[in-house]
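Colleague: Have a look at the structure that comes next, please.
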Amino acid sequence: MMGPEEESMETLTLATSAATTAASDYHSAISTSTSQEIHRDPLLSPPVPPNFALSPSSSFVDPPSYSDVVFTPFNSSNGSVSPSPSSSTSNYLRITVSDPVQEPETVSTSLVPGSGSGGYFTYLITSRARDGTDSQVRRRFRDFVTLADRLAESHRGLFVPVRPDKGVVEGRVMKSADFIEQRRVALERYLRRLAAHPVIGKSDELRVFLQAEGRLPLLPTTDVASRMLDGAVRLPRQLSGVEMAGPEEVVQPAKGGRDLLRIFKELKQTVTNEWVGARPAVVEEDREFLEKKDILQDLELQLTTTSQHAENLVKAQQDIGETMGELGLAFIKLTKFESDEATLDSQRTRAADMKKVATAAVKASRLYRELNAQTVKHLDTLHEHLGIMLSVHTAFSDRSSALLTVQTLMSDLSTLNSRVEKLEAAASKIFGGDRSRLRRVEELKETIKVTEDAKFCAVREYERIKDNNRSELERLDCQRRDDFLSMLKGFVISQVGYYEKIGSVWETVADEMHEYSRVKESNGQ
């Protein structure tokens, strides 16, 4: 039974005031909780308490030991890749991002005056491969951008995890400790997601990024202005027929800006498809894919709504924990007043009991904060899958872009063949043939040959993206099933366990108050 002097007023005050440092909302709590991901969740695989023997007839879902399970110390992941089913095939056992160091910017590349004068931060990337290879490299945020661009180019159609946003804010804010820590956590989480992907986790791009020492060997991404300038230089040669897009170029989207003529042609094809209403030679006919696409759009809407309610729950639990702590402090002050003014033993006893209530309120406040952290950890799955939807949109956009390229090339071939037919017909009406027209026919046939090769590569790329979409949709179904099952089990068990513990705190106080009432009745007071 808890005595009135077990905890000092100073300890209670410090414990309760700590509640005000909790995360203010769901998303900020998520961003800070990811640096403490666990490798093995004791809520999902609970160890048997030392003094509790599980009888053959007892069930995991049956108390008495929820609270024993919940309060087992958690094991730190030490940077291990998330233990999802897909991560078992990852080439990396551990990835951490740490030790941000500010370095001077020798040459400012920013378009915003003064924004690049303060230097940049590099982060220490530590990884351990499955073959036992340990690597340490330093990378800046620009290197992460380059990695993301290279992965997007080489893995079109896959659900490539989205890299963290640049966070374009004023330079002073970007250099704040909070911003740097949030970015470090986000970058670490991003690399772990890449490593957990069954295809990207084995890619050369990720291996080079994690293991190649010195400057990043991957070619940096050219800025939009440079790409547009290159495209403008090429445009006259393309219009005159001197330069044509090769097969290697059509496997990448035209929106990069290097091929302005292709951008114009694909824009024209889009207008023809949507406004003129002409049916292109190739259309999206995969009914299963179209149905799945509609389902995922509905899923995204449901995830958004559920995530908002989860945020409300986290805020409500945080509020009740803080309010309970404030109530405990108020009772402590009231206890001190009662003690100072007490002249009878019954008044002193009442003050002691009031302090027990205050102590219980503060303990309950702590438990609510711990419960809130567990709620964020488990319901973060909703936020994770909302992030996956961004990757899904990108992959589907890759598919639409590839299809548009095929449609444009087939339209070009139809136009070229029609021109050849007209020129041959006109030349045949002249005795001996029109040499200029015949020469133009030969040039067009050469263009047709190059365009046919480009169409073949574009069709092959389109089919590859379709296969990637199909395999990723199957993987996403399995991942969502496993993740949601884990989320629901962990969330329910943590709720039961912590509320059992909170109930136990108040039950102890209630028993003591009942004993006090029984003694008072027997004494006739």
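Chain labels run A, B, ... following the order of the structure tokens; each chain numbers its residues from 1, and ligands are numbered from 1 in the order shown.
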List the neighbours of A:Thr335 out to 9 Å using only C-alpha atoms; skip same-chain residues closer than 3 positions along the sequence, and give me the result as a PyMOL selection string.
Modeller: chain A and resi 330-332+338-340+350-355+358
Colleague: Filtering to C-alpha atoms, could you give me those residues as a PDB file, in the first residue's frame?
Modeller:
```pdb
ATOM      1  CA  ALA A 330      -3.662  21.188  -8.003  1.00  0.00           C
ATOM      2  CA  PHE A 331      -4.427  18.475  -5.445  1.00  0.00           C
ATOM      3  CA  ILE A 332      -0.860  18.722  -4.144  1.00  0.00           C
ATOM      4  CA  GLU A 338      -5.049  21.358   4.302  1.00  0.00           C
ATOM      5  CA  SER A 339      -1.904  20.204   6.097  1.00  0.00           C
ATOM      6  CA  ASP A 340      -0.907  23.712   7.112  1.00  0.00           C
ATOM      7  CA  ARG A 350      -7.765  13.601   5.005  1.00  0.00           C
ATOM      8  CA  ALA A 351      -4.781  15.612   3.753  1.00  0.00           C
ATOM      9  CA  ALA A 352      -2.698  12.437   3.507  1.00  0.00           C
ATOM     10  CA  ASP A 353      -5.452  10.740   1.503  1.00  0.00           C
ATOM     11  CA  MET A 354      -5.673  13.757  -0.754  1.00  0.00           C
ATOM     12  CA  LYS A 355      -1.978  13.435  -1.464  1.00  0.00           C
ATOM     13  CA  ALA A 358      -2.645  13.582  -6.254  1.00  0.00           C
TER      14      ALA A 358
END
```
Colleague: Would you list the contacts of A:Leu473 as a list in words, taking every protein, DNA or RNA residue within 9 Å and counting only C-alpha atoms, but skipping same-chain residues closer than 4 positions in sequence?
Modeller: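 Residues meeting the cut-off are Phe159, Lys292, Val392, Asn468, Asn469, Asp477 and Cys478 of chain A.
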